[in-house]
Every structure is written in structure tokens, then in C-alpha cells.
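Data first, discussion second: the structure below is written as C-alpha cells.
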Amino acid sequence: MATTILRWCCPGRRWVFAGIGGGSRHGRGVPTGSTSSGKRGQRSVAQQPLITAQKPRKGEREWAAVVGLEIHAQIASNSKLFSGSQVDFAAPPNSLVSFFDASLPGTLPVLNRRCVEAAVMAGLALDCHINRRSLFDRKHYFYADLPAGYQITQQRLPIAVNGSLAYSVCVGKRRSQMVTRTAGVKQIQLEQDSGKSLHDSLQSQTLIDLNRAGVGLLEVVLEPDMSCGEEAAAAVRELQLILQALGTSQANMAEGQLRVDANISVHNPGEPLGIRTEVKNLNSARFLAKAIDYEIQRQINELENGGKILNETRSFDYKLGCTVPMRDKEGKQDYRFMPEPNLPPLLLYDSESLPTGTDPQQVINIDRLREQLPELPRVTREKLVQQYGMLPEHSFALMNEVGLLEFFQNVIKETRAEPKKVTSWVLNTFLGFLKQENLAVSESPVTPSALAELLDLLDRKAISSSAAKQVFRELWRSKGKTPAQMVAEKKLELMQDTEALEQLCRSTLEAHPQVVTDVKKGNPRAINKLIGLVRRATLSRADPTVIKEVLERQLSS
Amino acid sequence: MWTRAVWLGLRASAGGRRGFSSKADPQGSRRVTAELIEHLERLALVDFGSQEAVARLEKAIAFADRLRAVDTDGVEPMESVLEDRCLYLRSDNVVEGNCAEELLQNSHRVVEEYFVAPPGNISWPKLDEKEPFSHC
């Protein structure tokens, strides 16, 4: 991380100024030049660029960055948004394409109920106001993977507006403290996905597969409340978890089900916002923060060298690790929005306004959907913290790995050990082994029952903690044996015979009179030597704390 | 269709309604500049071809402008004749698709079940720079 050359916020230092970066949505009084909703591509053109009287010296000014996100999530539905062809990631090219998707004349869009429900659920989960009436529009541009020449979207009146997304970042010197930040959700809209183009530079042609054309997308627009790559990545991660919990989208970035575009600008604190650039093609969770931070630094460097930022679209080049310009003249992109003439307004109802005597299949009741909302990640984490007394960071870690939470809960069910012990073992030992061998939880050679049994043995003090780790290592490597069997085989049980232990301690004291004198003289570390000797004598089958107790008692008598 | 789009654009700047961006004429002017023609030709892929066509365009705009004589302050615009209709909601079942062969017959060139298109967008002859429009 380029922390050394950064003179702007994250991570660690934060400035709080009105509405920017402080996570507050209310302080958005700073003029952004946005005069109408959804006038995308035009937002910051009206802003004043940073002009100073004299050329700034390097390192003199502090910088603040402003990051907004546009996130596209593919809706997990059987069929597409406006047609009955299948939604599938891997299928022979152009096999999942209906006449409407191919934009053949005479075809009309027919809205998929499941997609509307998905959008409403996402809106409810993000505390949005659900528009009882929303409209569809056409966004025109020419590209081979957009057969109709336009995309049906919701530009004027989207289905949900004005929500918020709470996410957490690690702050503090050692990044040990978790704080919650909020990003405003400007709107959520339904729109069509385009097809896929494969560029064949050898033959100078593009191959088009329309399987993806027409698949339903949820576009979530986040207000520019984030101030660095880390915050943006955390927000995206939380949104991913929410969508996955709702079942509205699998939100897997690697499979293209979640795509992120970032709008980035920099300015000096207290001055108006700078010109923004749009960075597209951020399709990897790993590179999201990196790309945003790169762009922020690029803009700072550019401005510090007296240059200007162009309102342009850039793309992130993964190989080079930098952003490159995509389109020459952003100004020429005019989408000519118009209402979609083939679709009446989308009307949603709640329990009060539900019209009587209508086909239930044809009406959507927002209250009904609200009742059926699954538990959100935030609530799950709160419950974990309350129920098991774990730190918030732990609850995040448990939810961050597929299947880990379930594993944890299964162990808890079967063991008598304290939850804190279980948490520690699952997050440190178990997860550590998984990561080392790059395995998913489902591929783990150790079952929840096995770990539960092991923790029971530890809890009963039948074995020491170092012996437990040893057993765990063995369990990982060889299946088929239970922890109890392994303990018996390797004779790892703790000595239960107190008489024998007393005897061993006495004989050790007698054999090392010099050390005994050291202890009696007041050397605090001498006792550890004695403990070590006794331990070795017991073949590590005695608990060090018990040994210490016995030795101290014997020494003082 | 473009007439309507331009008209909507003009209305937007005139009536102050949100929504549509337009690089169209400033409010009230009837002249259609060469710049606008070039812009429209690129956006809509139509060919104005002759001065006659441009003149016809100006007449069409003037004709539509007469709508401004009506005072519509405080009146909610009708955006669709369908606004009272019920939007039909389809159940999420797979009922279409699987007709690759049929669809590919429509294409001039095909490579292994893919449609073939030229790389990127074709440069418009009047532009002096290319438009590398890569959209993922």
C-alpha cells in the first residue's frame, strides 16, 4: 500500500469536514453540479476545476478524495428480465437467446416478476424508499453486443431511491478497531445486461454471444461518500454479502455477476469538488481498492504538477496496475433517453393500497416482501457478538468465508467448550490450516464433530493445549481416527496422577539444587527452568500451570 | 422517432423537467446548425444528405413547437398512452431460447455459432479521430 506518499485520508488518518468522507449523508450541501437526477456523464462538468494563483509546491497541500460507485449485480432468476429465455453462465453461444433478445422486429418486452421482487428486496435491505410507481426508459448507444441499439433501463424514476449502506473498516494504528461507515444509496434500478463480445484481433473482427443479452441487472448507485479504495472495497463486500443473503444475486465478481464502476475525484479540503473520472472494468475484488487508490494518486500527481483532470472514462489495466483512458471525448456520448413506449408504469402496492379482486400473480405487495426478508448480515453479526461474546472483527471473519459460519455453529452445537474457545480455534487454527492449503470450508478434512470432540477433551483438561494442537494437525492429515483415539495412541493424555507428579517435582528439585537456590534468591526466571525440566520428565503430559503450582508449594515448604 | 427525442430535449430545457440531456438548440431558436446535424447523424445513423432534408427538419421542429402555445404549467405530462394500462408480470419460467440455428441464419457472417461484427464501432467518416468504444 502506498501509505508513504499519500497525504490523503485512508487508512488511519481522517479529516472530518462537512459531509465528505465523514460518512454522513446529510452534509451533501457541497455543490456537485448535479442538477437533475440520473444525468450521468454530465455531473461534474459544471464544477470549478482547481485553479490556484501560483503553482503549488509539492507536498504543500493536503488532499481529500471522493469516490462514488455504480454497481451492477446480475439478478439470480431463471429467466431474463423481459423475455423467457434462460439465465445461465455457461452454455453454448447464442443458445439462450429468444427472438426478443436478438431484437427481431415485432417482439415486445414482458417484465419478469421475480426480477421486480429482487429489486424491491434489495431496496428494503438498503433502507430505500420504494417508489410505488416507477418507469422504464431507453438508453441509446450503438454497439454490436446491444442488438436493439438501446438498453431498457430506469433513468427517470427508478424502483428504489434514498437508502444507505453501512459497512465496516479497520482503523487505528494496528488496524485493530472496526468502525462503521455509511454510504448513501442514491438509487436502485432495473436494467438489461448486454451480450458478450469476444475480440479477435487477428482476424480484425468481434464475435458476439447474446446469451447474456437481456439478463436482469440491479444497478445500485452509491453516493460519493467514500474516500479511498479500502472503503469502496468494504462497501462492495458488504453489498455482496447482503445480496447473497437475500438470494437476489450470487454477486460473484469472478463470474461477472457483480461489476463495479467507480467515479473518482480529488480536491483540497474546504474547496469545491474536483473534476471526476469514471473508472470502468473493476471486476475483481482484489484489484478494486488498488485501482481506485491508483487513480486517486494519479489525479493528485497530475494536479500537483500543474495539470488538469479530464472528465473521461478510464479502464483499469490489471497487468500494468494502472488506469488508462478508454474513450476520447466523453462529451460526445449522448444517450438520447426516452420513455420505453412498450411498457406501462410499474405499480407496486403495500397491504393498505392492495387492490381487491386482482390476480395475486399480477400484484406485488411490498409489505409481504418485507416480512419475508431473510436475516441480513449485519443482524447475523450482531447476534454472534451478543450470543457468543466475540469481537465484531471475529463476526466479520466468520461471515467472510463461505461455509465458515455454519461450521462454527455446528461445532458450538456439539461441544461443551466455551464459545470464546471455539471462536479462537475456528478463526485461528482451523482457518489457518485452510488458508495454508488453499481449501474451501467444504473441502476441510476435519469435520465439525471432530473439532467439537477435540475441544471437549481440552475443556475437560484431559489434554494440554499443545497436545490439542498436535492432535489437530494429525486429524488434518489422516482421516478416519477420532481425536480420542489419537490421544490414546500417542499417549497425549495429561497426567491425572497427582501423586506421581508430586514425586517427579520433588526428584527434579533434588537433582538441581543450584536452580533451587536461584529461585530462593528471587530470580523469577529460574522457576521456568524447573517447570521445563518437569515437563520434559513427564513427556509433556502435565499442565505447566499445575506444575508451577506444585513446585511453588514444595519450594516454600 | 428522433424528432420526438429532439422535441423532448427541447421541452426539457424549456420546461425545466428533469430527465433527458440533449445537445439540441437553445430554447426558442429554430435554426438547425451543421454541428447539430453532424451530431444527430452520428447518434442516430441517419443521413441528412441534402439541404432540403435539413430544411424539412427545421419545418418539422417549427410544427412541433406550436405545442408550446399551450400552457401546461402544473399539468403532469403524459409520457405514454399506456399509462393507465396494467403492466403484465410474467412468472419466472424458461419458455424460450434454444434457437441458435434460426437466429444465426439472420447474420451475414457467422463463426462457430457466434455472430460476427466488425471490431469496435466503425469510425464515422466525418470524424478525424477514432472512437474506441469498448464496453464490457
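We label chains A, B, ... in the order they appear in the C-alpha cells, count residues from 1 in each chain, and number ligands from 1 in the order shown.
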
Only residues of chain A matter here; which ones have an atom within 6 Å of chain B, counting only C-alpha atoms? Give them as JSON, numbers by chain.
{"A": [36, 78, 79, 84, 85, 86, 94, 95, 96, 97, 98, 111, 112, 113, 114, 156, 204, 205, 206, 207, 208, 209, 327, 337, 344, 362]}

All residues 7 Å or closer to segment 221-223 of chain A, only C-alpha atoms, same chain fewer than 5 positions away omitted, as number ranges by chain:
A: 68-71, 183-188

Determine the nearest neighbour of Val179 of chain A from the options A:Glu453, A:Glu231, A:Asp200, A:Glu406, counting only C-alpha atoms.
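So, comparing all the options, the nearest one is A:Glu231.
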